[in-house]
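Listing of work.cif; format and content: mmCIF, C-alpha atoms.
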data_work
loop_
_atom_site.label_atom_id
_atom_site.label_comp_id
_atom_site.auth_asym_id
_atom_site.auth_seq_id
_atom_site.Cartn_x
_atom_site.Cartn_y
_atom_site.Cartn_z
CA MET A 1 -118.48 55.15 -44.82
CA GLN A 2 -117.66 51.47 -44.55
CA ARG A 3 -116.53 49.49 -47.53
CA PRO A 4 -118.37 46.27 -48.00
CA GLY A 5 -116.42 43.11 -47.17
CA LEU A 6 -113.77 44.93 -45.10
CA PRO A 7 -113.54 45.50 -41.37
CA PRO A 8 -114.38 49.00 -40.13
CA LEU A 9 -111.62 51.52 -40.00
CA PRO A 10 -110.40 52.42 -36.54
CA GLN A 11 -111.43 55.95 -35.54
CA PRO A 12 -108.76 58.42 -34.46
CA PRO A 13 -108.97 59.56 -30.86
CA VAL A 14 -110.99 62.70 -30.16
CA PRO A 15 -108.79 65.42 -28.70
CA GLN A 16 -109.72 66.59 -25.22
CA ALA A 17 -110.51 70.21 -24.79
CA GLY A 18 -107.65 72.12 -23.42
CA GLY A 19 -105.18 69.27 -23.56
CA PRO A 20 -102.32 68.59 -25.87
CA GLN A 21 -103.33 67.17 -29.10
CA ALA A 22 -101.68 63.91 -30.17
CA PRO A 23 -100.17 63.88 -33.57
CA MET A 24 -102.25 62.41 -36.26
CA GLN A 25 -101.25 58.77 -37.12
CA PRO A 26 -101.90 57.40 -40.57
CA PRO A 27 -104.49 54.71 -40.61
CA PRO A 28 -103.18 51.13 -40.89
CA PRO A 29 -103.34 49.64 -44.29
CA TYR A 30 -106.13 47.39 -45.26
CA PRO A 31 -105.31 43.71 -44.73
CA PHE A 32 -104.38 42.02 -48.00
CA ALA A 33 -105.99 38.83 -49.34
CA PRO A 34 -103.89 35.61 -49.03
CA ALA A 35 -101.26 35.14 -51.76
CA PRO A 36 -102.47 32.89 -54.59
CA LYS A 37 -100.91 29.40 -54.92
CA PRO A 38 -98.28 29.05 -57.65
CA PRO A 39 -99.64 27.43 -60.79
CA ARG A 40 -98.88 23.66 -61.23
CA ARG A 41 -96.07 23.05 -63.75
CA GLY A 42 -96.62 20.58 -66.55
CA PHE A 43 -94.20 18.32 -68.49
CA GLY A 44 -93.62 21.06 -70.99
CA ASP A 45 -92.22 23.29 -68.28
CA ILE A 46 -89.37 20.83 -67.34
CA PRO A 47 -85.99 22.06 -68.67
CA ILE A 48 -84.86 20.17 -71.76
CA LYS A 49 -81.47 19.28 -70.14
CA VAL A 50 -83.27 17.40 -67.35
CA VAL A 51 -85.32 15.49 -69.92
CA TYR A 52 -82.18 14.41 -71.81
CA LEU A 53 -80.44 13.34 -68.58
CA LEU A 54 -83.36 11.21 -67.44
CA GLY A 55 -83.63 9.63 -70.87
CA ALA A 56 -79.92 8.70 -70.90
CA ILE A 57 -80.13 7.11 -67.44
CA LEU A 58 -83.20 5.06 -68.35
CA GLY A 59 -81.60 3.93 -71.64
CA THR A 60 -78.40 2.75 -69.91
CA VAL A 61 -80.30 0.80 -67.25
CA GLY A 62 -82.45 -0.84 -69.91
CA ALA A 63 -79.42 -1.87 -72.01
CA VAL A 64 -77.66 -3.45 -69.03
CA PHE A 65 -80.77 -5.38 -68.11
CA LEU A 66 -81.21 -6.62 -71.70
CA ILE A 67 -77.60 -7.83 -71.97
CA PHE A 68 -77.85 -9.67 -68.66
CA PHE A 69 -81.13 -11.28 -69.73
CA VAL A 70 -79.84 -12.43 -73.14
CA PHE A 71 -76.42 -13.77 -72.10
CA SER A 72 -77.12 -15.05 -68.60
CA GLY A 73 -77.68 -18.56 -69.98
CA ASP A 74 -74.10 -18.72 -71.37
CA VAL A 75 -72.36 -18.52 -67.99
CA PRO A 76 -72.51 -21.50 -65.63
CA ALA A 77 -73.80 -20.60 -62.19
CA ASN A 78 -70.82 -22.24 -60.48
CA GLN A 79 -68.11 -20.81 -62.77
CA THR A 80 -65.31 -19.09 -60.91
CA ALA A 81 -63.36 -16.10 -62.20
CA GLY A 82 -60.94 -17.08 -64.98
CA GLU A 83 -62.39 -20.58 -65.33
CA GLN A 84 -62.56 -21.94 -68.87
CA VAL A 85 -65.75 -23.69 -69.88
CA VAL A 86 -65.02 -26.93 -71.72
CA PRO A 87 -67.88 -28.41 -73.74
CA VAL A 88 -68.77 -31.96 -72.75
CA SER A 89 -69.69 -34.56 -75.32
CA PRO A 90 -73.29 -35.71 -75.05
CA VAL A 91 -74.01 -39.04 -73.42
CA PRO A 92 -74.42 -41.68 -76.14
CA THR A 93 -77.85 -43.10 -76.77
CA SER A 94 -78.68 -46.60 -75.68
CA ALA A 95 -78.24 -47.88 -79.23
CA ALA A 96 -74.74 -46.42 -79.46
CA ALA A 97 -73.86 -47.57 -75.97
CA THR A 98 -74.84 -51.18 -76.61
CA ALA A 99 -73.09 -51.42 -79.98
CA SER A 100 -70.07 -53.71 -79.98
CA PRO A 101 -66.80 -51.84 -80.56
CA THR A 102 -64.84 -52.72 -83.66
CA PRO A 103 -61.71 -54.60 -82.57
CA SER A 104 -58.45 -53.00 -83.68
CA PRO A 105 -55.95 -55.29 -85.37
CA THR A 106 -53.10 -56.47 -83.17
CA PRO A 107 -49.74 -55.54 -84.71
CA THR A 108 -47.54 -58.46 -85.63
CA PRO A 109 -44.74 -58.73 -83.09
CA ILE A 110 -41.27 -58.05 -84.46
CA VAL A 111 -39.02 -60.98 -83.66
CA LEU A 112 -35.30 -60.16 -83.45
CA PRO A 113 -32.39 -62.58 -83.43
CA GLU A 114 -30.42 -62.97 -80.24
CA VAL A 115 -28.12 -60.04 -79.61
CA PRO A 116 -24.40 -60.93 -79.37
CA LYS A 117 -22.80 -59.78 -76.13
CA SER A 118 -19.87 -58.42 -78.08
CA LYS A 119 -19.22 -57.95 -81.77
CA ALA A 120 -16.75 -55.52 -83.33
CA TYR A 121 -18.07 -52.88 -85.70
CA ALA A 122 -16.75 -53.80 -89.17
CA THR A 123 -15.65 -50.99 -91.49
CA LEU A 124 -18.35 -50.63 -94.12
CA PRO A 125 -17.56 -50.04 -97.82
CA GLY A 126 -17.84 -46.57 -99.29
CA LYS A 127 -16.38 -43.15 -98.48
CA ALA A 128 -17.18 -41.41 -95.23
CA ALA A 129 -18.49 -37.83 -95.34
CA VAL A 130 -16.35 -35.02 -94.00
CA VAL A 131 -16.99 -34.16 -90.36
CA ALA A 132 -18.12 -30.53 -90.55
CA GLY A 133 -18.54 -29.93 -86.83
CA THR A 134 -20.25 -31.25 -83.72
CA ILE A 135 -23.95 -31.40 -82.99
CA THR A 136 -24.72 -30.69 -79.35
CA ASP A 137 -28.19 -31.96 -78.55
CA LYS A 138 -28.95 -30.32 -75.21
CA ASN A 139 -32.46 -31.78 -75.11
CA SER A 140 -31.11 -35.32 -75.17
CA GLY A 141 -27.77 -34.67 -73.50
CA ILE A 142 -25.42 -36.06 -76.14
CA SER A 143 -23.08 -34.81 -78.84
CA TYR A 144 -22.00 -36.45 -82.10
CA PRO A 145 -20.47 -35.50 -85.47
CA LYS A 146 -22.16 -33.09 -87.83
CA LEU A 147 -21.53 -34.50 -91.28
CA GLY A 148 -20.90 -32.53 -94.45
CA ALA A 149 -22.64 -32.78 -97.82
CA PRO A 150 -24.80 -34.46 -98.91
CA TRP A 151 -26.10 -34.56 -95.30
CA LYS A 152 -28.26 -31.59 -94.28
CA ALA A 153 -29.51 -30.72 -90.82
CA ARG A 154 -33.30 -30.48 -90.87
CA ASP A 155 -36.15 -30.03 -88.42
CA TYR A 156 -37.61 -33.50 -88.22
CA PRO A 157 -39.85 -34.45 -85.25
CA PRO A 158 -39.87 -36.56 -83.14
CA TYR A 159 -36.08 -36.09 -83.08
CA SER A 160 -34.44 -33.20 -81.28
CA VAL A 161 -31.88 -32.89 -84.10
CA ALA A 162 -31.80 -34.66 -87.45
CA GLN A 163 -29.56 -34.92 -90.51
CA ARG A 164 -31.08 -36.26 -93.70
CA ILE A 165 -30.41 -37.04 -97.34
CA GLY A 166 -33.12 -37.01 -99.98
CA LYS A 167 -36.89 -37.20 -99.57
CA VAL A 168 -38.82 -37.73 -96.37
CA GLU A 169 -40.16 -41.17 -97.16
CA ILE A 170 -39.72 -44.76 -96.05
CA PRO A 171 -37.04 -46.06 -96.01
CA TYR A 172 -35.38 -42.96 -94.53
CA THR A 173 -31.78 -41.86 -94.94
CA LEU A 174 -31.52 -40.35 -91.52
CA ILE A 175 -29.37 -39.52 -88.52
CA GLY A 176 -31.46 -38.46 -85.51
CA SER A 177 -31.12 -37.98 -81.77
CA ALA A 178 -33.77 -37.95 -79.07
CA MET A 179 -34.56 -39.45 -75.70
CA TYR A 180 -35.22 -43.18 -75.81
CA PRO A 181 -38.76 -43.51 -77.26
CA GLY A 182 -39.95 -46.31 -74.98
CA ASP A 183 -41.17 -46.14 -71.39
CA SER A 184 -38.68 -45.18 -68.73
CA PRO A 185 -37.16 -48.20 -66.99
CA ALA A 186 -38.45 -48.97 -63.50
CA LYS A 187 -35.00 -48.03 -62.22
CA LYS A 188 -31.98 -46.43 -63.78
CA PRO A 189 -29.93 -48.93 -65.86
CA SER A 190 -26.55 -49.71 -64.36
CA THR A 191 -24.96 -52.63 -66.20
CA ASP A 192 -23.87 -53.21 -69.79
CA ALA A 193 -26.58 -55.86 -70.04
CA ASP A 194 -29.20 -53.29 -69.06
CA TYR A 195 -28.11 -50.88 -71.78
CA ARG A 196 -27.78 -53.67 -74.34
CA ALA A 197 -31.40 -54.69 -73.67
CA ILE A 198 -32.58 -51.10 -74.05
CA ALA A 199 -30.59 -50.73 -77.30
CA THR A 200 -32.30 -53.89 -78.57
CA GLU A 201 -35.74 -52.37 -77.96
CA ALA A 202 -34.63 -49.17 -79.70
CA ALA A 203 -33.60 -51.20 -82.75
CA ARG A 204 -36.97 -52.95 -82.68
CA TRP A 205 -38.64 -49.53 -82.68
CA THR A 206 -36.67 -48.46 -85.77
CA ILE A 207 -37.70 -51.61 -87.65
CA ARG A 208 -41.34 -50.72 -87.00
CA THR A 209 -41.08 -47.01 -87.83
CA GLN A 210 -38.26 -46.52 -90.37
CA TYR A 211 -38.74 -49.36 -92.87
CA PRO A 212 -41.50 -51.05 -94.90
CA LYS A 213 -43.63 -53.62 -93.14
CA GLY A 214 -42.04 -57.05 -92.94
CA ALA A 215 -38.46 -55.80 -92.63
CA THR A 216 -35.98 -58.06 -90.83
CA LEU A 217 -32.53 -57.40 -89.37
CA GLU A 218 -29.18 -59.07 -88.87
CA TRP A 219 -26.79 -57.82 -86.17
CA THR A 220 -23.48 -56.46 -87.48
CA ALA A 221 -22.08 -54.94 -84.25
CA SER A 222 -22.62 -55.00 -80.50
CA LYS A 223 -20.34 -53.03 -78.23
CA LYS A 224 -20.11 -50.66 -75.30
CA VAL A 225 -20.13 -46.95 -76.14
CA THR A 226 -16.68 -45.38 -76.38
CA VAL A 227 -17.28 -42.79 -73.61
CA GLY A 228 -19.57 -43.13 -70.60
CA LYS A 229 -22.22 -45.78 -70.05
CA GLY A 230 -24.37 -47.16 -72.83
CA TRP A 231 -24.46 -49.57 -75.73
CA THR A 232 -24.21 -49.46 -79.54
CA LEU A 233 -25.77 -51.96 -81.93
CA GLY A 234 -25.14 -52.18 -85.68
CA TYR A 235 -27.52 -54.08 -87.96
CA LYS A 236 -28.38 -54.76 -91.58
CA VAL A 237 -32.04 -54.43 -92.50
CA THR A 238 -33.61 -56.40 -95.35
CA TYR A 239 -36.97 -55.28 -96.77
CA THR A 240 -39.04 -55.30 -99.94
CA LEU A 241 -39.77 -52.04 -101.74
CA ASP A 242 -41.70 -51.82 -105.03
CA GLY A 243 -41.42 -55.59 -105.36
CA LYS A 244 -37.62 -55.56 -105.03
CA LYS A 245 -35.59 -56.83 -102.11
CA GLN A 246 -33.27 -54.16 -100.75
CA VAL A 247 -31.00 -53.65 -97.76
CA ALA A 248 -30.01 -50.82 -95.47
CA GLN A 249 -27.25 -50.45 -92.92
CA ALA A 250 -28.14 -48.95 -89.54
CA MET A 251 -26.89 -48.29 -86.03
CA VAL A 252 -28.38 -47.24 -82.70
CA SER A 253 -26.68 -46.08 -79.49
CA VAL A 254 -28.27 -45.56 -76.09
CA VAL A 255 -26.24 -43.37 -73.74
CA GLU A 256 -26.56 -42.68 -70.01
CA VAL A 257 -27.18 -38.93 -69.49
CA GLY A 258 -27.91 -38.73 -65.76
CA LYS A 259 -31.58 -39.70 -66.04
CA THR A 260 -33.54 -42.91 -65.68
CA LYS A 261 -34.23 -42.88 -69.41
CA PRO A 262 -31.13 -42.81 -71.68
CA ALA A 263 -30.57 -40.71 -74.78
CA MET A 264 -30.68 -42.36 -78.21
CA LEU A 265 -28.77 -41.78 -81.44
CA LEU A 266 -29.89 -43.71 -84.50
CA ALA A 267 -28.87 -43.73 -88.14
CA SER A 268 -30.22 -45.58 -91.16
CA ILE A 269 -28.83 -45.54 -94.70
CA PRO A 270 -30.65 -47.51 -97.44
CA GLN A 271 -28.67 -49.04 -100.28
CA GLU A 272 -29.47 -46.18 -102.69
CA ASN A 273 -27.07 -44.13 -100.53
CA LYS A 274 -24.69 -46.99 -99.73
CA ALA A 275 -21.70 -44.77 -100.49
CA ARG A 276 -22.52 -43.17 -97.10
CA TRP A 277 -22.42 -46.42 -95.11
CA PRO A 278 -19.01 -45.63 -93.51
CA ASP A 279 -20.66 -42.63 -91.81
CA LEU A 280 -22.21 -45.14 -89.43
CA ASN A 281 -18.71 -46.03 -88.17
CA THR A 282 -17.99 -42.33 -87.59
CA LEU A 283 -21.15 -41.89 -85.53
CA ALA A 284 -20.64 -45.06 -83.48
CA GLU A 285 -17.15 -43.97 -82.48
CA LYS A 286 -17.88 -40.29 -81.75
CA VAL A 287 -21.17 -40.23 -79.83
CA ARG A 288 -20.62 -38.75 -76.35
CA PRO A 289 -22.64 -37.70 -73.30
CA LEU A 290 -22.50 -33.96 -72.59
#
Show this structure as structure tokens.
Amino acid sequence: MQRPGLPPLPQPPVPQAGGPQAPMQPPPPYPFAPAPKPPRRGFGDIPIKVVYLLGAILGTVGAVFLIFFVFSGDVPANQTAGEQVVPVSPVPTSAAATASPTPSPTPTPIVLPEVPKSKAYATLPGKAAVVAGTITDKNSGISYPKLGAPWKARDYPPYSVAQRIGKVEIPYTLIGSAMYPGDSPAKKPSTDADYRAIATEAARWTIRTQYPKGATLEWTASKKVTVGKGWTLGYKVTYTLDGKKQVAQAMVSVVEVGKTKPAMLLASIPQENKARWPDLNTLAEKVRPL
């Protein structure tokens, strides 16, 4: 009997009469139907670890893109690595550009008397301070006496080294060393006249910076430095302070230190500390190049 929908079963061979009979073979199995396709997997079938990994990757990429988008305007396109961006002031408007600048007042020139070519340094009245040691100013290239009390060494720009008495106010009681504050000469000074001219400009600078406006000076000494090349000038400064005329004694030395510009030592002692005036003699005699 044939089953519907299936091919007929093969019939076993009929044995011949008198011949050997072949062993009976089992019938072949029925052919099976094709295997069903695996069911399609949905989002809920994806392992949770894979979901977390994909979410982390997408979040990182999104954050990087957002940072680049927000801050890309802060970096100039032509900036090289390590370059510092300096803000530039805006261009002034036409009104500001056409406005006339306010002229700055021209300082009154300080007129000095003619410098004597040679004048001995007179011994000033008072009692000189004890020499407590030697100041070696390596920045300027000179050495000079370190004075005892009431002088105190203080940090006092623009000087490399300074000794002071009292308050930091004009007129100063000061001993200070530094390189000559003016422009370097076109060529290195070589003669006494060269150094005397530079010392004169240094004294002019002290009148403008160390004393009240309108101060005048009178030369009290003009001589070559004791050691090396250079020049020392002594001078008395007259000025008005709080409506009273007062005086100060001062000195300045410029010393050749192997450079185009010389080193400078200056000292100024107003009359309120006139007992210290002889210290100027000590400094003038002991200043040395290193």
Please expand the PyMOL selection byres ((chain A and resi 138) around 12) into the concrete residues it hits in this file, giving the result as a PDB file with C-alpha atoms, in the coordinates of the input.
ATOM      1  CA  ILE A 135     -23.950 -31.400 -82.990  1.00  0.00           C
ATOM      2  CA  THR A 136     -24.720 -30.690 -79.350  1.00  0.00           C
ATOM      3  CA  ASP A 137     -28.190 -31.960 -78.550  1.00  0.00           C
ATOM      4  CA  ASN A 139     -32.460 -31.780 -75.110  1.00  0.00           C
ATOM      5  CA  SER A 140     -31.110 -35.320 -75.170  1.00  0.00           C
ATOM      6  CA  GLY A 141     -27.770 -34.670 -73.500  1.00  0.00           C
ATOM      7  CA  ILE A 142     -25.420 -36.060 -76.140  1.00  0.00           C
ATOM      8  CA  SER A 143     -23.080 -34.810 -78.840  1.00  0.00           C
ATOM      9  CA  TYR A 144     -22.000 -36.450 -82.100  1.00  0.00           C
ATOM     10  CA  SER A 160     -34.440 -33.200 -81.280  1.00  0.00           C
ATOM     11  CA  VAL A 161     -31.880 -32.890 -84.100  1.00  0.00           C
ATOM     12  CA  SER A 177     -31.120 -37.980 -81.770  1.00  0.00           C
ATOM     13  CA  ALA A 178     -33.770 -37.950 -79.070  1.00  0.00           C
ATOM     14  CA  MET A 179     -34.560 -39.450 -75.700  1.00  0.00           C
ATOM     15  CA  VAL A 257     -27.180 -38.930 -69.490  1.00  0.00           C
ATOM     16  CA  ALA A 263     -30.570 -40.710 -74.780  1.00  0.00           C
ATOM     17  CA  ARG A 288     -20.620 -38.750 -76.350  1.00  0.00           C
ATOM     18  CA  PRO A 289     -22.640 -37.700 -73.300  1.00  0.00           C
ATOM     19  CA  LEU A 290     -22.500 -33.960 -72.590  1.00  0.00           C
TER      20      LEU A 290
END
| note | One residue among A:Lys223, A:Lys261, A:Lys152, A:Lys245 is nearest to Ala193 (chain A) when using all atoms listed in the file, and that residue is A:Lys223
Can you give me, as a short mmCIF file (atom, residue, chain, number, x, y, z; two decimals) with C-alpha atoms, in the frame of the given file, the residues this file yields under the PyMOL selection byres ((chain A and resi 169) around 12)?
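Output below, filename expr38.cif:
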data_model
loop_
_atom_site.label_atom_id
_atom_site.label_comp_id
_atom_site.auth_asym_id
_atom_site.auth_seq_id
_atom_site.Cartn_x
_atom_site.Cartn_y
_atom_site.Cartn_z
CA ARG A 164 -31.08 -36.26 -93.70
CA ILE A 165 -30.41 -37.04 -97.34
CA GLY A 166 -33.12 -37.01 -99.98
CA LYS A 167 -36.89 -37.20 -99.57
CA VAL A 168 -38.82 -37.73 -96.37
CA ILE A 170 -39.72 -44.76 -96.05
CA PRO A 171 -37.04 -46.06 -96.01
CA TYR A 172 -35.38 -42.96 -94.53
CA THR A 173 -31.78 -41.86 -94.94
CA LEU A 174 -31.52 -40.35 -91.52
CA THR A 209 -41.08 -47.01 -87.83
CA GLN A 210 -38.26 -46.52 -90.37
CA TYR A 211 -38.74 -49.36 -92.87
CA PRO A 212 -41.50 -51.05 -94.90
CA LEU A 241 -39.77 -52.04 -101.74
CA PRO A 270 -30.65 -47.51 -97.44
#
| request: Show me as a ChimeraX atom specification the residues that reach within 7 Å of (-22.7, -49.2, -87.2), counting only C-alpha atoms and using the file's own coordinates. | output: /A:121,221,233-235,250-251,280-281,284
| request: Kindly indicate which residue among A:Trp277, A:Tyr159, A:Trp219, A:Tyr239 lies nearest to Leu265 (chain A), using all atoms listed in the file for the distances. | output: A:Tyr159
| task | List the residues selected by the PyMOL selection byres ((chain A and resi 204) around 10) in the file shown, writing them as a PyMOL selection string. | result | chain A and resi 109-112+198-203+205-209+216-217
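Pairwise distance (CA of Ala162 (chain A), CA of Val115 (chain A)) equals 26.8 Å.
In this structure, CA of Ser222 (chain A) sits 5.0 Å away from CA of Ser118 (chain A).
Between Pro150 (chain A) and the candidates A:Gln249, A:Thr123, A:Gln163, A:Thr226, the tightest atom-to-atom separation, counting only C-alpha atoms, involves A:Gln163.
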| said: Would you compute the distance between CA of Gln271 (chain A) and CA of Gly126 (chain A)? Give it in Å to one decimal. | reply: 11.2 Å
Hey, could you pull the box centre and edge lengths for region 250-269 of chain A, axis-aligned, 3 Å padding per side, all listed atoms, to one decimal in Å, as lines of an AutoDock Vina configuration file?
center_x = -30.2
center_y = -43.8
center_z = -80.2
size_x = 14.0
size_y = 16.2
size_z = 35.0
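Considering only C-alpha atoms, the residue among A:Ala215, A:Val254, A:Ala153, A:Ala248 positioned nearest to Asp192 (chain A) is A:Val254.
Shortest atom-to-atom contact with Pro189 (chain A) among A:Pro125, A:Pro278, A:Gly148, A:Gly230: A:Gly230, counting only C-alpha atoms.
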Contacts of Asp279 (chain A) within 8 Å, all atoms listed in the file, excl. fewer than 4 positions in-chain, as a compact mmCIF listing (two decimals) with C-alpha atoms, keeping the file's coordinate frame:
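Once everything was written out, this is part03.txt:
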# COMPACT_ATOMS: atom_id res chain seq x y z
CA LYS A 127 -16.38 -43.15 -98.48
CA ALA A 128 -17.18 -41.41 -95.23
CA ALA A 129 -18.49 -37.83 -95.34
CA LEU A 283 -21.15 -41.89 -85.53
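When all atoms listed in the file are used to compute distances to Glu256 (chain A), the closest of the residues A:Ala186, A:Arg276, A:Lys229, A:Ile269 turns out to be A:Lys229.
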